[in-house]
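Asks: Got a structure here, written out as C-alpha cells. Questions coming.
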Protein chains: 2
Amino acid sequence: MPALEKLASQHCFGGLQERYRQRSEVLDCQMEYGVFLPPAAKHGPVPVLWWLSGLTCTDENFSQKAGAQRLAAELGLAIICPDTSPRGTDLPGEHDSYDLGSGAGFYINATQQPWSAHYRMYDYVTRELPQQVRSHLPIGEQQSVSGHSMGGHGALICTLKNPGMYQSVSAFAPICHPADCPWGVKAFTAYLGDNRNAWADWDASQLIRDAGERLPILVDQGGDDEFLAGQLNPGALEQACSAVHHPLDLRMREGYDHSYYFIASFIDDHLRHHARALGLGG
Amino acid sequence: MPALEKLASQHCFGGLQERYRQRSEVLDCQMEYGVFLPPAAKHGPVPVLWWLSGLTCTDENFSQKAGAQRLAAELGLAIICPDTSPRGTDLPGEHDSYDLGSGAGFYINATQQPWSAHYRMYDYVTRELPQQVRSHLPIGEQQSVSGHSMGGHGALICTLKNPGMYQSVSAFAPICHPADCPWGVKAFTAYLGDNRNAWADWDASQLIRDAGERLPILVDQGGDDEFLAGQLNPGALEQACSAVHHPLDLRMREGYDHSYYFIASFIDDHLRHHARALGLGG
C-alpha cells in the first residue's frame, strides 16, 4: 500500500474532518481525498457514503459547503470525498478547459491516448480508493454513493455497473444521459473515442435497461438549474426507468439552481435515505 | 440612497441567499454584502443577525461555510454578512498584508492618514448598512450580532458601545483584548495612532468596565485554536467581566481549531441564543 500522508485533521460536530494524500496506482499519480469520521468511528468501523463531486471541484467543496457533517455525525455515517480527476499530470490540453481533463474525470476509464494512462477514475473510486481507506480508517464494508452533476452521473453508473456493491444511491442534478449532451459528448469522445457503442457502458440512461439489480434511485433536481435543459436531462433517466420499472424518486425543486446552496438544502433528505439502507435508522 | 445592484439571489432552505452591491458613503467606496432571507420574510419584516467575519474573509465565507441557513430558515431569522473592509481603494500598503488594510478593517473608525478617508467600518456596520438594508429588504428593527475572530471583537464592541441597540451578542474565538495582542496592536497603531488611550474605546476587555448595559455575552472558543494563546486571550475578557459582574458564558471546546468547521459545529447554539433574545422562540 503506498505511503499515506495526513494533510489535516479538524474537529467537526464531535467527529473529525480529515484530508489525506496517497498515491494511486490505477491513476499513476498522487491523489488527495477528504474524509468525515463521525463520533461513532471512535468505537469501531462505520458505514460510508461516497460523495462524487462535479466539474471543477476538488475533494474539498462538499466538505466545506454542503453542511452534511451535522447529520452524518448524528447518524454515525462516514463521508469520503474523492477528487474529480487525476492531478499533477500534464497531458496535452489537460488544463485547457473546465469540462475536460483536470477536474473533469467523469468517473470513467479512458481508453484513448493520451488520457488512458491516467484517467481511470471509475477503477479508482470503485476499487482502489475503497481498499486504501479501509486499510487505515475505521470504514466498514457497508457503503452507499451520491454525487452532484458529473458526480451524480458517477454515482449512478457506479451502482448500475456493480449490482450489490452499494446499499443505496442518490444524486443531485446528475448528468443523466451524457452520451447525448454537450459535456458528455465532449468528454466521451476524448476519453472513449468516436465509436458511440462504447459510450453506452458509461451512460446511466442506457445502463438502466440491463441493470443487474433494481436499486431505487433518489434524485433532487433544481427547477431553475441553469444546466437543466442543455446538459442534465432528467427526462431521459425518467423514461429509461419507466420502461423497465426501475424505481426512481425524482424530485423537482422549484426555484433552486445548480449550486451548493441547493445541495445543502436537501442533503439531509439524502443522508437519511442512505442511513435507512445502511441500517443506521435515519 | 445609492443605487443598489443585486448580484445573486439563490434559493436556499426555502428562503433566499442573496448578494448586493451598494455604494457606502461613510467608506467612500462600493461595498458588497450577503443576505439570507428566511421563508418568513415573504410575509413581512423579520429580525436580523449581523455576522461579522474575520481577517481575510469577504461577505461570502460565512454564507458558504457555516451551514447557518438551515436553522435560520426554521427560526425565521435573517442573516446579513458585511464585508470585512473597504474595497476598491488603493491606499499605500493596503494590500500588502493579511492583517492590515483590505480584509482587515477591524470594525473601527480610523483616525489616521491614509486610512481615515475610508476605514470607518464601525460606522458602516452599526449605522449606514442597517439603514441601507432596511430600505430595500424585509428586515425589522430587532437585531443581534455575532462574529468570528476579528469579527467576534467587532460584535463585542458594537454591543458594548451601543446599549440597547442589539438584543443579544455572541462570538466565536473573538480577539478579546486587541490592545494587547500582535494583530490588534498592528491595526490600532495604523488606524488609531500611537496614543494608546485612544485604543480603549475599541477594546472589549476595556469597554466592559463602563458598559451601559450588561447584555450577556456568549463565546465559543476552540481549545486547539492556533491563535488562542498569541492573539485571542479570552482570559482577559473573562477577568474583565468577572470584575464588574458582566454575564459571560465562555465555552472552551476541546480539540476544535479556528476554522469554519469549528463555527459550523456550534452555530446552531448561537442562533438559538439570538432567537430567544429576539422573541423567535429558539
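So you can find residues: chains in the C-alpha cells are A, B, ... in the order shown, residues in each start at 1, and ligands are numbered from 1 in order.
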Considering only C-alpha atoms, extract the chain A residues located within 10 Å of chain B and return them as a PyMOL selection string.
Replies: chain A and resi 9-17+61-70+222+224+253-266
Asks: Selection from above, N, CA and C atoms, as a CSV table (one decimal), in the first residue's frame, can you write it?
Replies:
chain,number,residue,atom,x,y,z
A,9,SER,N,-6.5,17.3,10.1
A,9,SER,CA,-7.5,16.6,10.9
A,9,SER,C,-8.1,17.6,11.8
A,10,GLN,N,-9.4,17.9,11.6
A,10,GLN,CA,-10.0,19.0,12.3
A,10,GLN,C,-11.3,18.6,13.0
A,11,HIS,N,-11.5,18.9,14.2
A,11,HIS,CA,-12.7,18.5,14.9
A,11,HIS,C,-13.9,19.2,14.3
A,12,CYS,N,-15.0,18.4,14.2
A,12,CYS,CA,-16.2,18.9,13.5
A,12,CYS,C,-17.4,18.1,14.0
A,13,PHE,N,-18.3,18.7,14.7
A,13,PHE,CA,-19.5,18.1,15.2
A,13,PHE,C,-19.2,16.8,16.0
A,14,GLY,N,-18.1,16.9,16.8
A,14,GLY,CA,-17.8,15.8,17.6
A,14,GLY,C,-17.0,14.7,16.9
A,15,GLY,N,-16.9,14.8,15.6
A,15,GLY,CA,-16.1,13.8,14.8
A,15,GLY,C,-14.9,14.6,14.2
A,16,LEU,N,-14.3,14.0,13.1
A,16,LEU,CA,-13.1,14.6,12.5
A,16,LEU,C,-13.3,14.8,11.0
A,17,GLN,N,-12.9,15.9,10.6
A,17,GLN,CA,-12.9,16.2,9.1
A,17,GLN,C,-11.4,16.1,8.7
A,61,ASN,N,-14.8,20.8,-1.9
A,61,ASN,CA,-16.0,21.6,-2.0
A,61,ASN,C,-17.2,21.1,-1.1
A,62,PHE,N,-17.4,19.8,-1.2
A,62,PHE,CA,-18.5,19.2,-0.4
A,62,PHE,C,-18.3,19.3,1.1
A,63,SER,N,-17.1,19.0,1.5
A,63,SER,CA,-16.8,19.1,2.9
A,63,SER,C,-17.0,20.5,3.5
A,64,GLN,N,-16.7,21.5,2.7
A,64,GLN,CA,-16.8,22.9,3.2
A,64,GLN,C,-18.1,23.5,3.0
A,65,LYS,N,-18.9,23.1,2.0
A,65,LYS,CA,-20.1,23.8,1.7
A,65,LYS,C,-21.4,23.1,1.8
A,66,ALA,N,-21.5,21.8,2.0
A,66,ALA,CA,-22.7,21.1,1.9
A,66,ALA,C,-23.4,21.0,3.3
A,67,GLY,N,-22.7,21.2,4.4
A,67,GLY,CA,-23.3,21.2,5.7
A,67,GLY,C,-23.7,19.8,6.1
A,68,ALA,N,-23.1,18.8,5.6
A,68,ALA,CA,-23.5,17.4,5.8
A,68,ALA,C,-23.1,16.8,7.1
A,69,GLN,N,-22.0,17.4,7.7
A,69,GLN,CA,-21.4,16.7,8.8
A,69,GLN,C,-22.3,16.7,10.1
A,70,ARG,N,-23.2,17.7,10.2
A,70,ARG,CA,-24.1,17.7,11.4
A,70,ARG,C,-24.9,16.4,11.5
A,222,GLY,N,-32.9,20.9,-9.2
A,222,GLY,CA,-33.4,22.3,-9.1
A,222,GLY,C,-34.2,22.7,-10.4
A,224,ASP,N,-34.7,25.7,-11.4
A,224,ASP,CA,-34.1,26.8,-12.1
A,224,ASP,C,-32.6,26.6,-12.3
A,253,ARG,N,-37.3,20.6,-7.7
A,253,ARG,CA,-37.3,21.6,-6.6
A,253,ARG,C,-37.4,23.0,-7.3
A,254,GLU,N,-38.6,23.5,-7.3
A,254,GLU,CA,-38.9,24.8,-7.9
A,254,GLU,C,-38.0,25.9,-7.4
A,255,GLY,N,-37.3,26.7,-8.3
A,255,GLY,CA,-36.6,27.8,-7.9
A,255,GLY,C,-35.1,27.6,-7.6
A,256,TYR,N,-34.8,26.3,-7.3
A,256,TYR,CA,-33.4,26.0,-6.9
A,256,TYR,C,-32.5,26.0,-8.2
A,257,ASP,N,-31.2,26.3,-7.9
A,257,ASP,CA,-30.2,26.3,-9.0
A,257,ASP,C,-29.3,25.1,-8.9
A,258,HIS,N,-28.1,25.3,-9.5
A,258,HIS,CA,-27.1,24.1,-9.6
A,258,HIS,C,-26.1,24.2,-8.4
A,259,SER,N,-26.2,25.1,-7.5
A,259,SER,CA,-25.1,25.4,-6.5
A,259,SER,C,-25.2,24.6,-5.3
A,260,TYR,N,-24.2,24.8,-4.4
A,260,TYR,CA,-24.1,24.1,-3.1
A,260,TYR,C,-25.2,24.6,-2.2
A,261,TYR,N,-25.8,25.8,-2.4
A,261,TYR,CA,-27.0,26.2,-1.6
A,261,TYR,C,-28.2,25.2,-1.9
A,262,PHE,N,-28.3,24.8,-3.1
A,262,PHE,CA,-29.3,23.7,-3.4
A,262,PHE,C,-28.9,22.4,-2.8
A,263,ILE,N,-27.7,22.0,-2.9
A,263,ILE,CA,-27.3,20.7,-2.2
A,263,ILE,C,-27.5,20.8,-0.7
A,264,ALA,N,-27.1,21.8,-0.1
A,264,ALA,CA,-27.2,22.0,1.4
A,264,ALA,C,-28.7,21.9,1.8
A,265,SER,N,-29.5,22.5,0.9
A,265,SER,CA,-31.0,22.5,1.3
A,265,SER,C,-31.6,21.1,1.4
A,266,PHE,N,-31.0,20.2,0.6
A,266,PHE,CA,-31.7,18.8,0.6
A,266,PHE,C,-30.7,17.7,1.0
Asks: Using only C-alpha atoms, which protein or nucleic acid residues come within 10 Å of Trp202 (chain B)? Drop anything in the same chain fewer than 2 positions from it, and give the result as a PyMOL selection string.
Replies: chain B and resi 106-109+122+153-154+156-158+160-161+177-179+184+188+192+198-200+204-207
Asks: How about saving the chosen residues, C-alpha atoms kept, as an mmCIF file, in the first residue's frame?
Replies:
data_model
loop_
_atom_site.group_PDB
_atom_site.id
_atom_site.type_symbol
_atom_site.label_atom_id
_atom_site.label_comp_id
_atom_site.auth_asym_id
_atom_site.auth_seq_id
_atom_site.Cartn_x
_atom_site.Cartn_y
_atom_site.Cartn_z
ATOM 1 C CA PHE B 106 -11.326 45.654 12.460
ATOM 2 C CA TYR B 107 -14.801 47.279 12.652
ATOM 3 C CA ILE B 108 -13.370 50.530 13.994
ATOM 4 C CA ASN B 109 -13.239 54.135 12.741
ATOM 5 C CA TYR B 122 -17.725 50.721 12.722
ATOM 6 C CA HIS B 153 -14.140 41.519 18.506
ATOM 7 C CA GLY B 154 -16.379 43.572 16.219
ATOM 8 C CA LEU B 156 -18.420 42.691 21.190
ATOM 9 C CA ILE B 157 -17.506 46.346 20.682
ATOM 10 C CA CYS B 158 -20.648 47.074 18.640
ATOM 11 C CA LEU B 160 -20.675 47.418 24.324
ATOM 12 C CA LYS B 161 -20.604 50.844 22.647
ATOM 13 C CA HIS B 177 -8.178 42.306 24.017
ATOM 14 C CA PRO B 178 -6.827 43.764 20.756
ATOM 15 C CA ALA B 179 -4.872 46.496 22.540
ATOM 16 C CA GLY B 184 -4.631 44.379 17.420
ATOM 17 C CA PHE B 188 -4.726 50.013 16.128
ATOM 18 C CA LEU B 192 -5.721 54.993 15.563
ATOM 19 C CA ALA B 198 -7.482 56.159 22.110
ATOM 20 C CA TRP B 199 -7.416 52.370 21.822
ATOM 21 C CA ALA B 200 -9.519 51.686 24.919
ATOM 22 C CA ALA B 204 -13.889 44.816 24.512
ATOM 23 C CA SER B 205 -11.925 43.930 27.622
ATOM 24 C CA GLN B 206 -11.579 47.634 28.422
ATOM 25 C CA LEU B 207 -15.097 48.702 27.340
#
Asks: Point out the residue among B:Cys29, B:Ala72, B:Ile139, B:Val219 with the least atom-to-atom distance to His43 (chain B), counting only C-alpha atoms.
Replies: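 Checking each of B:Cys29, B:Ala72, B:Ile139, B:Val219 against His43 (chain B), counting only C-alpha atoms, the winner is B:Ile139.
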Asks: Can you list, as JSON, numbers by chain, every residue of region 1-199 of chain B that DSSP puts in strand (DSSP E or B)?
Replies: {"B": [4, 5, 6, 7, 8, 9, 10, 11, 12, 15, 16, 17, 18, 19, 20, 21, 22, 23, 24, 29, 30, 31, 32, 33, 34, 35, 36, 37, 46, 47, 48, 49, 50, 51, 52, 78, 79, 80, 81, 82, 97, 100, 101, 104, 109, 120, 139, 140, 141, 142, 143, 144, 145, 146, 147, 148, 169, 170, 171, 172]}
Asks: How about saving the chosen residues, C-alpha atoms kept, as a tab-separated table (two decimals), in the first residue's frame?
Replies:
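selection.tsv, freshly written:
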chain	number	residue	atom	x	y	z
B	4	LEU	CA	-28.48	49.07	-5.48
B	5	GLU	CA	-27.26	46.17	-7.60
B	6	LYS	CA	-28.47	42.64	-6.90
B	7	LEU	CA	-25.57	40.30	-7.70
B	8	ALA	CA	-27.23	36.99	-6.86
B	9	SER	CA	-30.42	35.50	-5.49
B	10	GLN	CA	-30.36	31.76	-4.85
B	11	HIS	CA	-32.98	29.55	-3.26
B	12	CYS	CA	-31.74	28.05	-0.01
B	15	GLY	CA	-35.57	31.16	1.66
B	16	LEU	CA	-33.13	33.19	-0.42
B	17	GLN	CA	-29.37	33.65	-0.22
B	18	GLU	CA	-28.64	36.99	-1.88
B	19	ARG	CA	-25.72	39.29	-2.60
B	20	TYR	CA	-25.87	43.02	-3.16
B	21	ARG	CA	-23.51	45.76	-4.26
B	22	GLN	CA	-24.15	49.28	-2.99
B	23	ARG	CA	-22.06	52.38	-2.53
B	24	SER	CA	-21.13	53.27	1.05
B	29	CYS	CA	-16.41	53.05	-1.98
B	30	GLN	CA	-18.59	50.31	-3.44
B	31	MET	CA	-19.33	47.52	-0.99
B	32	GLU	CA	-20.83	44.06	-1.31
B	33	TYR	CA	-22.82	42.20	1.28
B	34	GLY	CA	-24.62	38.89	1.68
B	35	VAL	CA	-28.14	38.39	2.97
B	36	PHE	CA	-30.03	35.25	3.94
B	37	LEU	CA	-33.78	35.79	3.99
B	46	VAL	CA	-38.03	39.54	10.23
B	47	PRO	CA	-35.35	40.06	12.91
B	48	VAL	CA	-31.75	40.03	11.75
B	49	LEU	CA	-28.47	38.60	12.95
B	50	TRP	CA	-25.43	40.60	11.82
B	51	TRP	CA	-22.46	38.36	11.18
B	52	LEU	CA	-19.02	39.99	11.23
B	78	ALA	CA	-32.37	36.87	8.55
B	79	ILE	CA	-28.56	36.89	8.49
B	80	ILE	CA	-26.57	39.73	6.96
B	81	CYS	CA	-22.84	39.44	6.30
B	82	PRO	CA	-20.96	42.68	5.59
B	97	SER	CA	-0.50	42.04	4.49
B	100	LEU	CA	-3.92	45.26	7.90
B	101	GLY	CA	-5.86	47.10	5.22
B	104	ALA	CA	-8.77	43.66	7.98
B	109	ASN	CA	-13.24	54.13	12.74
B	120	ARG	CA	-14.76	53.54	9.08
B	139	ILE	CA	-35.59	43.46	7.82
B	140	GLY	CA	-37.20	44.58	11.08
B	141	GLU	CA	-35.76	46.71	13.88
B	142	GLN	CA	-34.92	43.75	16.15
B	143	GLN	CA	-31.28	42.81	15.71
B	144	SER	CA	-28.44	40.82	17.20
B	145	VAL	CA	-24.77	40.49	16.32
B	146	SER	CA	-22.16	37.76	16.19
B	147	GLY	CA	-18.83	37.19	14.51
B	148	HIS	CA	-15.58	35.27	14.30
B	169	VAL	CA	-24.44	39.23	21.23
B	170	SER	CA	-22.18	36.23	20.73
B	171	ALA	CA	-18.75	35.47	19.30
B	172	PHE	CA	-16.60	32.63	18.04
Asks: Find the residues near Val244 (chain A): any atom within 12 Å, counting only C-alpha atoms, skip ones fewer than 5 places away on the same chain, and give them as an MDAnalysis selection string.
Replies: chainID A and resid 205:214 237:239
Asks: What would the file look like if the residues just selected were written as a CSV table (one decimal), in the first residue's frame with C-alpha atoms?
Replies:
chain,number,residue,atom,x,y,z
A,205,SER,CA,-29.9,6.2,-19.1
A,206,GLN,CA,-28.6,3.3,-21.2
A,207,LEU,CA,-27.3,1.1,-18.4
A,208,ILE,CA,-30.7,1.2,-16.7
A,209,ARG,CA,-32.2,-1.3,-19.2
A,210,ASP,CA,-30.0,-4.2,-18.3
A,211,ALA,CA,-29.1,-3.3,-14.7
A,212,GLY,CA,-28.5,-6.4,-12.6
A,213,GLU,CA,-30.5,-5.0,-9.7
A,214,ARG,CA,-33.3,-2.5,-9.3
A,237,LEU,CA,-33.5,8.9,-16.9
A,238,GLU,CA,-37.2,9.1,-16.1
A,239,GLN,CA,-38.1,7.5,-19.4
Asks: Report, in Å with one decimal, the straight-line distance from CA of Leu75 (chain B) to CA of Gly164 (chain B).
Replies: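 Going from CA of Leu75 (chain B) over to CA of Gly164 (chain B) covers 22.4 Å.
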Asks: Using CA of Thr56 (chain A) and CA of Glu226 (chain A) as the two end points, give the distance in Å to one decimal.
Replies: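 Computed distance, CA of Thr56 (chain A) to CA of Glu226 (chain A), equals 16.1 Å.
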Asks: DSSP on the backbone: what in region 129-273 of chain B comes out helix (DSSP H, G or I), as a short mmCIF file (atom, residue, chain, number, x, y, z; two decimals) with N, CA and C atoms, in the first residue's frame?
Replies:
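Final output, result_20.cif:
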data_model
loop_
_atom_site.label_atom_id
_atom_site.label_comp_id
_atom_site.auth_asym_id
_atom_site.auth_seq_id
_atom_site.Cartn_x
_atom_site.Cartn_y
_atom_site.Cartn_z
N LEU B 129 -25.08 50.61 6.95
CA LEU B 129 -25.59 49.39 6.32
C LEU B 129 -26.97 49.00 6.86
N PRO B 130 -27.21 49.09 8.18
CA PRO B 130 -28.57 48.81 8.65
C PRO B 130 -29.63 49.68 7.97
N GLN B 131 -29.33 50.95 7.78
CA GLN B 131 -30.26 51.84 7.07
C GLN B 131 -30.46 51.37 5.63
N GLN B 132 -29.35 51.05 4.98
CA GLN B 132 -29.44 50.64 3.58
C GLN B 132 -30.31 49.39 3.43
N VAL B 133 -30.05 48.38 4.23
CA VAL B 133 -30.78 47.12 4.02
C VAL B 133 -32.26 47.27 4.37
N ARG B 134 -32.55 48.06 5.39
CA ARG B 134 -33.97 48.20 5.77
C ARG B 134 -34.75 48.99 4.73
N SER B 135 -34.06 49.73 3.89
CA SER B 135 -34.78 50.49 2.87
C SER B 135 -35.19 49.62 1.68
N HIS B 136 -34.62 48.42 1.56
CA HIS B 136 -35.00 47.60 0.40
C HIS B 136 -35.28 46.14 0.73
N MET B 150 -11.55 38.45 14.38
CA MET B 150 -11.67 39.91 14.27
C MET B 150 -13.14 40.33 14.31
N GLY B 151 -14.01 39.52 13.72
CA GLY B 151 -15.44 39.83 13.72
C GLY B 151 -16.10 39.56 15.08
N GLY B 152 -15.52 38.68 15.87
CA GLY B 152 -16.01 38.48 17.23
C GLY B 152 -15.70 39.70 18.08
N HIS B 153 -14.49 40.22 17.91
CA HIS B 153 -14.14 41.52 18.51
C HIS B 153 -15.13 42.58 18.05
N GLY B 154 -15.43 42.59 16.75
CA GLY B 154 -16.38 43.57 16.22
C GLY B 154 -17.74 43.46 16.88
N ALA B 155 -18.24 42.24 17.02
CA ALA B 155 -19.56 42.03 17.63
C ALA B 155 -19.56 42.55 19.06
N LEU B 156 -18.49 42.26 19.78
CA LEU B 156 -18.42 42.69 21.19
C LEU B 156 -18.40 44.22 21.31
N ILE B 157 -17.57 44.88 20.52
CA ILE B 157 -17.51 46.35 20.68
C ILE B 157 -18.78 47.02 20.17
N CYS B 158 -19.40 46.46 19.13
CA CYS B 158 -20.65 47.07 18.64
C CYS B 158 -21.72 47.08 19.73
N THR B 159 -21.83 46.00 20.50
CA THR B 159 -22.84 45.98 21.55
C THR B 159 -22.41 46.82 22.75
N LEU B 160 -21.14 46.71 23.13
CA LEU B 160 -20.68 47.42 24.32
C LEU B 160 -20.75 48.94 24.14
N PRO B 178 -7.70 43.41 21.88
CA PRO B 178 -6.83 43.76 20.76
C PRO B 178 -5.71 44.73 21.13
N ALA B 179 -5.92 45.55 22.15
CA ALA B 179 -4.87 46.50 22.54
C ALA B 179 -3.63 45.79 23.07
N ASP B 180 -3.74 44.49 23.28
CA ASP B 180 -2.62 43.76 23.87
C ASP B 180 -2.30 42.46 23.13
N PRO B 182 -0.65 40.97 19.05
CA PRO B 182 0.03 41.46 17.84
C PRO B 182 -0.92 41.95 16.73
N TRP B 183 -1.99 41.18 16.44
CA TRP B 183 -2.93 41.64 15.41
C TRP B 183 -3.50 43.02 15.75
N GLY B 184 -3.98 43.14 17.00
CA GLY B 184 -4.63 44.38 17.42
C GLY B 184 -3.66 45.55 17.47
N VAL B 185 -2.48 45.32 18.02
CA VAL B 185 -1.51 46.41 18.15
C VAL B 185 -1.12 46.94 16.76
N LYS B 186 -0.94 46.03 15.82
CA LYS B 186 -0.58 46.45 14.46
C LYS B 186 -1.70 47.29 13.84
N ALA B 187 -2.93 46.80 13.96
CA ALA B 187 -4.06 47.50 13.34
C ALA B 187 -4.36 48.82 14.04
N PHE B 188 -4.38 48.80 15.38
CA PHE B 188 -4.73 50.01 16.13
C PHE B 188 -3.66 51.09 15.94
N THR B 189 -2.40 50.68 15.88
CA THR B 189 -1.33 51.66 15.65
C THR B 189 -1.53 52.35 14.31
N ALA B 190 -1.85 51.55 13.28
CA ALA B 190 -2.04 52.15 11.96
C ALA B 190 -3.31 52.99 11.90
N TYR B 191 -4.41 52.44 12.40
CA TYR B 191 -5.71 53.12 12.22
C TYR B 191 -5.94 54.23 13.24
N LEU B 192 -5.40 54.07 14.47
CA LEU B 192 -5.72 54.99 15.56
C LEU B 192 -4.52 55.80 16.05
N ARG B 196 -2.12 55.18 23.05
CA ARG B 196 -2.92 54.01 23.44
C ARG B 196 -4.19 54.36 24.20
N ASN B 197 -4.29 55.59 24.69
CA ASN B 197 -5.54 55.98 25.34
C ASN B 197 -6.72 55.90 24.37
N ALA B 198 -6.41 56.19 23.12
CA ALA B 198 -7.48 56.16 22.11
C ALA B 198 -7.92 54.74 21.79
N TRP B 199 -7.10 53.76 22.16
CA TRP B 199 -7.42 52.37 21.82
C TRP B 199 -8.51 51.78 22.72
N ALA B 200 -8.60 52.29 23.94
CA ALA B 200 -9.52 51.69 24.92
C ALA B 200 -10.97 51.72 24.43
N ASP B 201 -11.28 52.70 23.61
CA ASP B 201 -12.64 52.83 23.07
C ASP B 201 -13.02 51.70 22.11
N TRP B 202 -12.03 50.90 21.70
CA TRP B 202 -12.26 49.87 20.69
C TRP B 202 -11.81 48.49 21.17
N ALA B 204 -12.79 45.38 23.71
CA ALA B 204 -13.89 44.82 24.51
C ALA B 204 -13.51 44.67 25.97
N SER B 205 -12.31 44.20 26.23
CA SER B 205 -11.92 43.93 27.62
C SER B 205 -11.79 45.22 28.43
N GLN B 206 -11.61 46.35 27.72
CA GLN B 206 -11.58 47.63 28.42
C GLN B 206 -12.96 48.30 28.45
N LEU B 207 -13.76 48.09 27.39
CA LEU B 207 -15.10 48.70 27.34
C LEU B 207 -16.05 48.08 28.37
N ILE B 208 -15.79 46.82 28.74
CA ILE B 208 -16.67 46.10 29.65
C ILE B 208 -16.92 46.89 30.94
N ARG B 209 -15.86 47.49 31.46
CA ARG B 209 -15.94 48.13 32.77
C ARG B 209 -17.09 49.14 32.84
N ASP B 210 -17.17 50.01 31.82
CA ASP B 210 -18.16 51.09 31.88
C ASP B 210 -19.33 50.86 30.93
N LEU B 228 -5.10 30.91 19.88
CA LEU B 228 -5.64 31.09 21.24
C LEU B 228 -4.67 31.81 22.16
N ALA B 229 -3.46 31.30 22.27
CA ALA B 229 -2.50 31.88 23.22
C ALA B 229 -1.97 33.22 22.74
N GLY B 230 -1.65 33.33 21.46
CA GLY B 230 -0.94 34.51 20.98
C GLY B 230 -1.80 35.71 20.65
N GLN B 231 -3.09 35.49 20.31
CA GLN B 231 -3.88 36.59 19.78
C GLN B 231 -5.24 36.79 20.47
N LEU B 232 -5.88 35.74 20.88
CA LEU B 232 -7.31 35.84 21.22
C LEU B 232 -7.57 36.21 22.68
N PRO B 234 -9.02 34.99 25.62
CA PRO B 234 -10.33 35.02 26.30
C PRO B 234 -10.20 35.23 27.81
N GLY B 235 -9.03 34.94 28.36
CA GLY B 235 -8.82 35.17 29.79
C GLY B 235 -8.99 36.63 30.16
N ALA B 236 -8.57 37.53 29.27
CA ALA B 236 -8.70 38.96 29.55
C ALA B 236 -10.18 39.36 29.61
N LEU B 237 -10.97 38.80 28.72
CA LEU B 237 -12.40 39.10 28.72
C LEU B 237 -13.05 38.53 29.97
N GLU B 238 -12.64 37.32 30.32
CA GLU B 238 -13.20 36.65 31.49
C GLU B 238 -12.92 37.48 32.75
N GLN B 239 -11.70 37.95 32.86
CA GLN B 239 -11.29 38.74 34.02
C GLN B 239 -12.07 40.07 34.07
N ALA B 240 -12.17 40.71 32.91
CA ALA B 240 -12.88 41.99 32.86
C ALA B 240 -14.35 41.81 33.23
N CYS B 241 -14.96 40.76 32.72
CA CYS B 241 -16.37 40.51 33.03
C CYS B 241 -16.56 40.20 34.51
N SER B 242 -15.66 39.39 35.00
CA SER B 242 -15.75 38.99 36.40
C SER B 242 -15.66 40.21 37.33
N ALA B 243 -14.78 41.15 37.00
CA ALA B 243 -14.55 42.32 37.86
C ALA B 243 -15.80 43.18 38.01
N VAL B 244 -16.65 43.20 36.96
CA VAL B 244 -17.83 44.07 37.03
C VAL B 244 -19.13 43.26 36.96
N TYR B 260 -13.86 27.24 9.97
CA TYR B 260 -15.31 27.18 9.82
C TYR B 260 -15.88 25.83 10.21
N TYR B 261 -15.08 24.78 10.28
CA TYR B 261 -15.59 23.51 10.82
C TYR B 261 -15.95 23.67 12.30
N PHE B 262 -15.19 24.50 12.99
CA PHE B 262 -15.50 24.83 14.39
C PHE B 262 -16.78 25.67 14.47
N ILE B 263 -16.86 26.71 13.65
CA ILE B 263 -18.05 27.56 13.66
C ILE B 263 -19.30 26.75 13.33
N ALA B 264 -19.23 25.94 12.25
CA ALA B 264 -20.39 25.15 11.85
C ALA B 264 -20.86 24.23 12.97
N SER B 265 -19.90 23.71 13.75
CA SER B 265 -20.24 22.74 14.80
C SER B 265 -21.09 23.36 15.90
N PHE B 266 -20.95 24.68 16.11
CA PHE B 266 -21.65 25.31 17.23
C PHE B 266 -22.55 26.47 16.82
N ILE B 267 -22.71 26.70 15.52
CA ILE B 267 -23.52 27.85 15.10
C ILE B 267 -24.97 27.71 15.54
N ASP B 268 -25.50 26.49 15.58
CA ASP B 268 -26.90 26.32 15.99
C ASP B 268 -27.13 26.81 17.42
N ASP B 269 -26.19 26.54 18.31
CA ASP B 269 -26.30 27.06 19.69
C ASP B 269 -26.41 28.58 19.69
N HIS B 270 -25.61 29.22 18.85
CA HIS B 270 -25.62 30.68 18.82
C HIS B 270 -26.91 31.21 18.21
N LEU B 271 -27.37 30.56 17.14
CA LEU B 271 -28.63 31.00 16.53
C LEU B 271 -29.79 30.90 17.53
N ARG B 272 -29.80 29.83 18.31
CA ARG B 272 -30.88 29.68 19.30
C ARG B 272 -30.75 30.73 20.41
N HIS B 273 -29.53 31.03 20.80
CA HIS B 273 -29.29 32.10 21.79
C HIS B 273 -29.87 33.43 21.29
#
Asks: By how many Å are CA of Ile217 (chain A) and CA of Leu248 (chain A) apart?
Replies: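 Spanning CA of Ile217 (chain A) to CA of Leu248 (chain A) is a straight-line distance of 4.7 Å.
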